[in-house]
Structures are given as structure tokens and as C-alpha cells.
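Okay, query.csv now, which holds CSV, C-alpha atoms:
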```csv
chain,number,residue,atom,x,y,z
Z,1151,MET,CA,157.2,169.4,-43.4
Z,1152,THR,CA,153.5,169.2,-43.1
Z,1153,VAL,CA,151.9,170.8,-40.0
Z,1154,ASP,CA,149.0,169.0,-38.4
Z,1155,LEU,CA,146.2,171.2,-37.2
Z,1156,ASN,CA,145.7,171.0,-33.5
Z,1157,LYS,CA,144.4,173.1,-30.5
Z,1158,ASP,CA,147.5,175.2,-30.6
Z,1159,THR,CA,147.3,176.1,-34.3
Z,1160,LEU,CA,147.1,179.9,-34.8
Z,1161,LEU,CA,144.5,181.1,-37.3
Z,1162,CYS,CA,145.2,184.0,-39.6
Z,1163,MET,CA,142.6,185.3,-42.1
Z,1164,SER,CA,141.6,187.9,-44.6
Z,1165,LEU,CA,138.5,190.0,-45.1
Z,1166,SER,CA,137.7,191.0,-48.6
Z,1167,GLY,CA,134.7,192.0,-50.6
Z,1168,ARG,CA,135.7,189.4,-53.2
Z,1169,PRO,CA,137.8,186.7,-51.5
Z,1170,SER,CA,140.4,184.8,-53.6
Z,1171,ASN,CA,142.8,182.0,-53.0
Z,1172,ILE,CA,145.9,184.1,-53.5
Z,1173,GLY,CA,146.6,185.1,-49.8
Z,1174,THR,CA,145.4,181.7,-48.6
Z,1175,ARG,CA,147.8,179.8,-50.8
Z,1176,PHE,CA,150.6,182.2,-50.2
Z,1177,HIS,CA,150.5,182.1,-46.4
Z,1178,ASN,CA,149.8,178.4,-46.1
Z,1179,TYR,CA,152.6,177.5,-48.5
Z,1180,LEU,CA,155.1,179.4,-46.3
Z,1181,TYR,CA,153.6,178.0,-43.0
Z,1182,GLU,CA,154.2,174.5,-44.4
Z,1183,GLU,CA,157.7,175.2,-45.8
Z,1184,LEU,CA,158.8,176.8,-42.6
Z,1185,GLY,CA,157.1,174.3,-40.3
Z,1186,LEU,CA,155.0,176.9,-38.5
Z,1187,ASN,CA,151.8,175.9,-36.6
Z,1188,PHE,CA,149.5,178.4,-38.4
Z,1189,VAL,CA,146.7,178.2,-40.9
Z,1190,TYR,CA,145.2,180.9,-43.1
Z,1191,LYS,CA,141.6,181.2,-44.4
Z,1192,ALA,CA,139.8,183.9,-46.5
Z,1193,PHE,CA,136.5,185.4,-45.5
Z,1194,THR,CA,134.1,188.1,-46.5
Z,1195,THR,CA,131.4,189.7,-44.3
Z,1196,GLU,CA,128.4,192.0,-44.2
Z,1197,ASP,CA,129.0,192.7,-40.6
Z,1198,VAL,CA,132.4,194.4,-40.0
Z,1199,PRO,CA,132.0,195.1,-36.3
Z,1200,ALA,CA,131.1,191.4,-35.6
Z,1201,ALA,CA,134.0,190.2,-37.8
Z,1202,ILE,CA,136.5,192.3,-36.0
Z,1203,GLY,CA,135.0,191.4,-32.6
Z,1204,GLY,CA,135.5,187.8,-33.6
Z,1205,ILE,CA,139.2,188.3,-34.3
Z,1206,ARG,CA,139.6,189.7,-30.8
Z,1207,ALA,CA,137.3,187.2,-29.0
Z,1208,LEU,CA,138.6,184.1,-30.7
Z,1209,GLY,CA,142.3,184.9,-30.5
Z,1210,ILE,CA,142.7,185.0,-34.3
Z,1211,ARG,CA,146.3,186.1,-34.7
Z,1212,GLY,CA,146.1,188.2,-37.8
Z,1213,CYS,CA,143.8,189.5,-40.5
Z,1214,GLY,CA,144.6,190.9,-44.0
Z,1215,VAL,CA,142.1,193.6,-45.0
Z,1216,SER,CA,141.2,194.3,-48.6
Z,1217,MET,CA,138.7,196.5,-50.5
Z,1218,PRO,CA,136.2,197.7,-49.4
Z,1219,PHE,CA,137.0,197.3,-45.7
Z,1220,LYS,CA,140.3,199.1,-45.4
Z,1221,GLU,CA,138.7,202.2,-43.8
Z,1222,GLN,CA,135.6,200.6,-42.3
Z,1223,VAL,CA,137.7,198.6,-39.8
Z,1224,ILE,CA,139.5,201.6,-38.3
Z,1225,GLU,CA,136.9,202.5,-35.6
Z,1226,HIS,CA,137.3,198.9,-34.2
Z,1227,ILE,CA,141.0,199.0,-33.9
Z,1228,ASP,CA,142.9,199.6,-30.6
Z,1229,VAL,CA,146.3,200.8,-31.8
Z,1230,MET,CA,146.9,202.5,-35.2
Z,1231,HIS,CA,150.6,202.2,-36.2
Z,1232,ASP,CA,152.2,205.0,-38.3
Z,1233,SER,CA,151.9,203.1,-41.6
Z,1234,ALA,CA,148.1,203.0,-41.2
Z,1235,SER,CA,147.3,206.2,-39.2
Z,1236,ALA,CA,149.3,208.3,-41.7
Z,1237,ILE,CA,146.9,207.4,-44.5
Z,1238,ASP,CA,143.8,206.4,-42.6
Z,1239,SER,CA,143.8,203.0,-44.3
Z,1240,VAL,CA,144.3,199.5,-42.8
Z,1241,ASN,CA,145.4,196.4,-44.6
Z,1242,THR,CA,146.8,194.3,-41.7
Z,1243,ILE,CA,145.5,193.6,-38.2
Z,1244,VAL,CA,147.6,191.9,-35.6
Z,1245,ASN,CA,146.0,190.6,-32.4
Z,1246,GLU,CA,148.3,190.9,-29.5
Z,1247,SER,CA,146.5,189.2,-26.6
Z,1248,GLY,CA,143.2,190.8,-27.4
Z,1249,VAL,CA,144.7,194.2,-28.4
Z,1250,LEU,CA,144.2,194.8,-32.1
Z,1251,HIS,CA,147.1,196.6,-33.9
Z,1252,ALA,CA,146.7,198.0,-37.4
Z,1253,TYR,CA,149.3,198.5,-40.1
Z,1254,ASN,CA,149.4,199.2,-43.8
Z,1255,THR,CA,151.9,197.1,-45.9
Z,1256,ASP,CA,150.4,198.2,-49.2
Z,1257,TYR,CA,152.2,201.5,-49.0
Z,1258,GLN,CA,155.7,200.0,-48.8
Z,1259,ALA,CA,154.9,197.5,-51.5
Z,1260,VAL,CA,154.0,200.3,-53.9
Z,1261,VAL,CA,157.2,202.3,-53.0
Z,1262,ASP,CA,159.4,199.3,-53.6
Z,1263,LEU,CA,157.8,198.5,-56.9
Z,1264,LEU,CA,158.1,202.0,-58.2
Z,1265,ARG,CA,161.8,202.1,-57.2
Z,1266,ASP,CA,162.6,198.5,-58.4
Z,1267,ASN,CA,161.1,199.3,-61.8
Z,1268,ASP,CA,163.2,202.6,-62.0
Z,1269,VAL,CA,160.1,204.7,-62.7
Z,1270,ASP,CA,161.3,208.2,-63.5
Z,1271,THR,CA,160.0,210.6,-60.8
Z,1272,SER,CA,160.0,213.5,-63.2
Z,1273,LEU,CA,157.1,211.9,-65.1
Z,1274,SER,CA,153.5,213.1,-64.4
Z,1275,VAL,CA,151.2,210.6,-62.6
Z,1276,ALA,CA,147.5,209.9,-62.6
Z,1277,VAL,CA,146.1,207.8,-59.7
Z,1278,ALA,CA,142.5,206.5,-60.2
Z,1279,GLY,CA,140.6,206.0,-57.0
Z,1280,SER,CA,140.0,207.6,-53.6
Z,1281,GLY,CA,139.5,204.6,-51.3
Z,1282,GLY,CA,141.9,202.9,-48.9
Z,1283,MET,CA,144.2,201.5,-51.5
Z,1284,ALA,CA,144.3,204.8,-53.4
Z,1285,LYS,CA,145.4,206.5,-50.1
Z,1286,ALA,CA,148.3,204.1,-49.8
Z,1287,VAL,CA,149.3,204.6,-53.5
Z,1288,VAL,CA,149.1,208.4,-53.3
Z,1289,ALA,CA,151.2,208.5,-50.2
Z,1290,ALA,CA,153.7,206.1,-51.8
Z,1291,VAL,CA,153.9,208.2,-55.0
Z,1292,ARG,CA,154.6,211.3,-53.0
Z,1293,ASP,CA,157.2,209.7,-50.8
Z,1294,THR,CA,159.0,208.2,-53.8
Z,1295,GLY,CA,159.6,211.7,-55.2
Z,1296,PHE,CA,156.8,212.3,-57.7
Z,1297,THR,CA,155.5,215.9,-57.7
Z,1298,ASP,CA,153.2,216.2,-60.7
Z,1299,VAL,CA,150.3,214.0,-59.6
Z,1300,THR,CA,146.6,214.1,-60.3
Z,1301,VAL,CA,144.0,212.1,-58.3
Z,1302,ILE,CA,141.2,210.9,-60.6
Z,1303,ALA,CA,138.0,210.2,-58.6
Z,1304,ARG,CA,134.3,210.7,-59.2
Z,1305,ASN,CA,133.7,211.5,-55.6
Z,1306,GLN,CA,134.8,215.2,-55.4
Z,1307,GLU,CA,134.7,215.5,-51.7
Z,1308,VAL,CA,136.9,212.4,-51.0
Z,1309,GLY,CA,139.0,212.7,-54.1
Z,1310,SER,CA,139.8,216.4,-53.7
Z,1311,ALA,CA,140.6,215.9,-50.0
Z,1312,LEU,CA,143.0,213.1,-50.8
Z,1313,ALA,CA,144.8,215.2,-53.5
Z,1314,GLU,CA,144.9,218.3,-51.2
Z,1315,GLN,CA,146.4,216.3,-48.4
Z,1316,TYR,CA,149.5,215.7,-50.5
Z,1317,GLY,CA,149.5,218.9,-52.5
Z,1318,PHE,CA,148.3,217.3,-55.7
Z,1319,ASP,CA,145.5,218.0,-58.1
Z,1320,TRP,CA,142.1,216.4,-58.4
Z,1321,GLN,CA,139.9,215.7,-61.4
Z,1322,ALA,CA,136.6,213.8,-61.7
Z,1323,GLU,CA,137.8,212.1,-64.9
Z,1324,LEU,CA,141.1,211.8,-66.8
Z,1325,GLY,CA,139.8,213.8,-69.8
Z,1326,PRO,CA,142.5,215.1,-72.1
Z,1327,LEU,CA,145.3,214.5,-69.5
Z,1328,ARG,CA,148.0,212.2,-70.7
Z,1329,PRO,CA,150.3,211.4,-67.8
Z,1330,GLY,CA,153.5,209.4,-68.1
Z,1331,VAL,CA,152.5,207.1,-65.3
Z,1332,LEU,CA,149.0,205.6,-64.9
Z,1333,ILE,CA,148.1,203.9,-61.6
Z,1334,ASN,CA,144.7,202.1,-61.1
Z,1335,ALA,CA,143.7,201.9,-57.5
Z,1336,THR,CA,140.0,201.1,-58.1
Z,1337,PRO,CA,138.3,197.7,-58.5
Z,1338,ILE,CA,137.9,198.2,-62.3
Z,1339,GLY,CA,139.3,195.1,-64.0
Z,1340,MET,CA,138.9,192.8,-60.9
Z,1341,SER,CA,137.5,189.4,-61.7
Z,1342,GLY,CA,134.0,188.8,-60.4
Z,1343,GLY,CA,133.0,192.5,-60.6
Z,1344,ALA,CA,130.6,194.3,-62.8
Z,1345,GLU,CA,133.6,196.0,-64.5
Z,1346,ALA,CA,135.8,193.0,-64.8
Z,1347,ASP,CA,136.3,193.5,-68.6
Z,1348,ALA,CA,136.6,197.3,-68.4
Z,1349,LEU,CA,139.7,199.5,-68.8
Z,1350,SER,CA,140.4,201.7,-65.9
Z,1351,PHE,CA,141.9,204.3,-68.2
Z,1352,PRO,CA,141.1,205.2,-71.8
Z,1353,GLU,CA,143.1,203.3,-74.5
Z,1354,GLU,CA,144.5,206.7,-75.8
Z,1355,ALA,CA,145.9,207.4,-72.3
Z,1356,VAL,CA,147.6,204.0,-72.1
Z,1357,ARG,CA,149.2,204.5,-75.5
Z,1358,ALA,CA,150.6,207.9,-74.3
Z,1359,ALA,CA,151.9,206.6,-71.0
Z,1360,GLU,CA,155.4,205.1,-70.3
Z,1361,VAL,CA,154.4,203.1,-67.2
Z,1362,VAL,CA,151.1,201.4,-66.3
Z,1363,PHE,CA,150.5,200.1,-62.8
Z,1364,ASP,CA,147.4,198.2,-61.8
Z,1365,VAL,CA,147.0,197.3,-58.1
Z,1366,VAL,CA,144.2,194.8,-58.9
Z,1367,ALA,CA,145.5,191.3,-58.1
Z,1368,MET,CA,142.8,189.1,-59.5
Z,1369,PRO,CA,143.5,188.6,-62.3
Z,1370,ALA,CA,147.2,189.6,-62.6
Z,1371,ASN,CA,146.6,190.3,-66.2
Z,1372,THR,CA,143.7,192.8,-66.0
Z,1373,PRO,CA,142.5,194.4,-69.2
Z,1374,LEU,CA,144.7,197.4,-68.4
Z,1375,ILE,CA,147.8,195.2,-68.0
Z,1376,VAL,CA,147.0,193.2,-71.1
Z,1377,LEU,CA,146.8,196.4,-73.2
Z,1378,ALA,CA,149.9,198.0,-71.6
Z,1379,THR,CA,151.9,194.8,-72.3
Z,1380,GLU,CA,150.7,194.6,-75.9
Z,1381,LEU,CA,151.8,198.3,-76.4
Z,1382,GLY,CA,155.2,197.6,-74.9
Z,1383,LYS,CA,154.8,199.7,-71.8
Z,1384,THR,CA,156.4,199.1,-68.5
Z,1385,ALA,CA,153.6,197.2,-66.7
Z,1386,ILE,CA,153.5,196.6,-63.0
Z,1387,THR,CA,150.8,194.2,-61.7
Z,1388,GLY,CA,148.8,193.8,-58.6
Z,1389,ALA,CA,150.3,190.3,-58.3
Z,1390,SER,CA,153.6,192.0,-57.5
Z,1391,VAL,CA,151.9,194.3,-54.9
Z,1392,ILE,CA,150.1,191.4,-53.2
Z,1393,ALA,CA,153.3,189.3,-53.0
Z,1394,LEU,CA,155.3,192.1,-51.3
Z,1395,GLN,CA,152.6,193.3,-49.0
Z,1396,ALA,CA,151.7,189.7,-48.0
Z,1397,ALA,CA,155.3,189.0,-47.2
Z,1398,GLU,CA,155.4,191.9,-44.7
Z,1399,GLN,CA,152.1,190.6,-43.2
Z,1400,PHE,CA,153.6,187.2,-42.8
Z,1401,VAL,CA,156.4,188.7,-40.8
Z,1402,LEU,CA,154.0,190.7,-38.6
Z,1403,TYR,CA,151.9,187.6,-37.9
Z,1404,THR,CA,154.7,185.1,-37.3
Z,1405,GLY,CA,157.8,187.0,-36.5
Z,1406,VAL,CA,159.6,185.0,-39.2
Z,1407,ARG,CA,161.0,186.6,-42.4
Z,1408,PRO,CA,161.1,184.2,-45.4
Z,1409,SER,CA,163.9,184.5,-47.8
Z,1410,ALA,CA,163.4,186.3,-51.2
Z,1411,GLU,CA,163.4,182.8,-52.9
Z,1412,GLN,CA,160.7,181.5,-50.5
Z,1413,ILE,CA,158.5,184.6,-51.1
Z,1414,GLN,CA,158.9,184.1,-54.9
Z,1415,ARG,CA,158.0,180.4,-54.7
Z,1416,ALA,CA,155.0,181.2,-52.5
Z,1417,SER,CA,153.9,183.9,-54.9
Z,1418,GLU,CA,154.1,181.6,-57.9
Z,1419,TYR,CA,152.3,178.8,-56.0
Z,1420,SER,CA,149.5,181.2,-55.0
Z,1421,ARG,CA,148.6,181.7,-58.7
Z,1422,THR,CA,148.7,178.0,-59.8
```

Starting from the file, give its structure as C-alpha cells.
Amino acid sequence: MTVDLNKDTLLCMSLSGRPSNIGTRFHNYLYEELGLNFVYKAFTTEDVPAAIGGIRALGIRGCGVSMPFKEQVIEHIDVMHDSASAIDSVNTIVNESGVLHAYNTDYQAVVDLLRDNDVDTSLSVAVAGSGGMAKAVVAAVRDTGFTDVTVIARNQEVGSALAEQYGFDWQAELGPLRPGVLINATPIGMSGGAEADALSFPEEAVRAAEVVFDVVAMPANTPLIVLATELGKTAITGASVIALQAAEQFVLYTGVRPSAEQIQRASEYSRT
């Protein structure tokens, strides 16, 4: 059924440095299919305090938070739930009558994908990045059972602190390291960016790896994923991450859990 917008329609939104139509199409598809009086819109901002204040003041029900805002929003949140506070990174805000609650659904999505793809936890891992998404990835890698992990980040202070928090190693660059699992948690390869056509790991490292995981969702086939697929590696895309984490956001916003088939259809529609 089609839901007509009216004064009682609840607005959900996203904040991203580079907004896309993926979340908008995903959520609105499910709102229509399930007959829910909601609408979803993507935004960006140069004024995070004002944007979060608007969520509170206007009664916006929920907000998905993407790079580079996952850490910037924290000081404006009222309640940090365990999934967000444990890694100091927010990807979901839920407005409960003016009280803003923060969660992180990225973490569970990464855990689920590593397990669903039967990634061998005895393999060594390199995670590129030290921002909010990297925090979710490193925590998920640890909690999935990986022990030989290196955080690759140019910012020594932040990167080494993230690695140390989980008992892992830090390096500014991958160098001669050849891990079995490569995970990109940086914006490298993201459409619209200065490095949209770049590889987040050297080709030699991709050739040596067994599993390549890129959390960048736009495009799904980043240069890293294209190369990994051509080389016959197990390739896990950001499209898979965004579908799983968005489904959990949908539940937090609406209280309704779509079926696996509905989530799959919404994910496919979001990319058409």
C-alpha cells in the first residue's frame, strides 16, 4: 500500500558527508511495503550541533549517521547505549520524546558478515582506518575471535590507541605485511571522493589475501572489490554491511522487524 504524507507522518533521516539514495530507498521501500506512516530523507551538514538540535526540536524519529559524523555527534547525545559507548562511535540516533538515544548497528553487521562468510579466525587481519567505522570493525573482528590483527592508520595517536584498546598492533602503512584478511574502513574507493578510483590496499596485498572486505557502500563494486573478485578472493561488500545495519536501524525506528525476504528486496531496490 502507498502511505500518504500527513501531519502524523514520522520523519527519519541520515547525516552523511556524501549522501546517497541507498538508505532513502531502503527505508522508504519498507515503509510502503509494511504500510507504515514514515518517510526517510538523506542530508548532509556543516553544522553538526544545529543538525542534532533539529532532530530533537522537530521530533524527527531517527537518524542514521555516516562518515565523518560518527564521533562528532557523541557530545550532543543524551543516552549512549552499549553498542555505541563501547566503541565511541554512533551510527544510529533514536529520538524518544526529545531524549536522543545512540546505538551502533555497524558492529553487528560486520560480525554477522564475517561469520556468514565462514572467515577463518586463525587468519591474520589488517584493518585500514581509525575513524568511527574502523572502531566498529576492530571491535567486531576481536569479538568474532580474530587475534592477529593490525590497524593501519596514518594518524599514529588515534590509530595506535585503537589498536592498543583491543590488544592489537598498529602500523602507519601496510608495508610488507601480507594478511589473510584485508578490511577497508576508510573512504578510499567511495564515489564522489578524491580517491574514488584508488585501491585502499596495494595490489600485491590483495593477491596474497584470502578474504577482502570493503565497508564502502557506494559503489558496491569499489576498485578493491573489483580487483578481489577478479582474483577469485572471497569479497564482502559495503552493500552487505549497509543492508544489515539499515535493517537494525529500521527496527529501532519503527519497532517492526521486516522478514529476511523483505530486507533482501529493499536492499536490491536501494541499488536500482

Residues at most 9 Å from Ile1333 (chain Z), counting all atoms listed in the file, excluding those fewer than 3 positions away in the same chain, as an NGL selection string?
-> :Z and (1275-1278 or 1287 or 1361-1365)

Pick out the closest residue to Lys1383 (chain Z) from this set: Z:Ala1367, Z:Val1269, Z:Ala1259, Z:Ile1338. Count all atoms listed in the file.
->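 Of the candidates, the smallest distance to Lys1383 (chain Z) is held by Z:Val1269.
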
Select, from Z:Ala1286, Z:Leu1374, Z:Gly1330, Z:Met1230, the residue with the minimum atom-to-atom distance to Phe1351 (chain Z), counting only C-alpha atoms.
->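 Residue with the minimum atom-to-atom distance to Phe1351 (chain Z): Z:Leu1374.
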
Write out as a PyMOL selection string the residues lying within 10 Å of region 1300-1316 of chain Z, counting all atoms listed in the file and excluding same-chain residues fewer than 3 positions away.
-> chain Z and resi 1237+1274-1281+1284-1285+1288-1289+1291-1293+1297+1319-1325+1327+1329+1332-1336

List the neighbours of Asn1171 (chain Z) out to 9 Å using all atoms listed in the file; skip same-chain residues closer than 4 positions along the sequence, and give me the result as a VMD selection string.
-> chain Z and resid 1175 to 1176 1191 to 1192 1420 to 1421
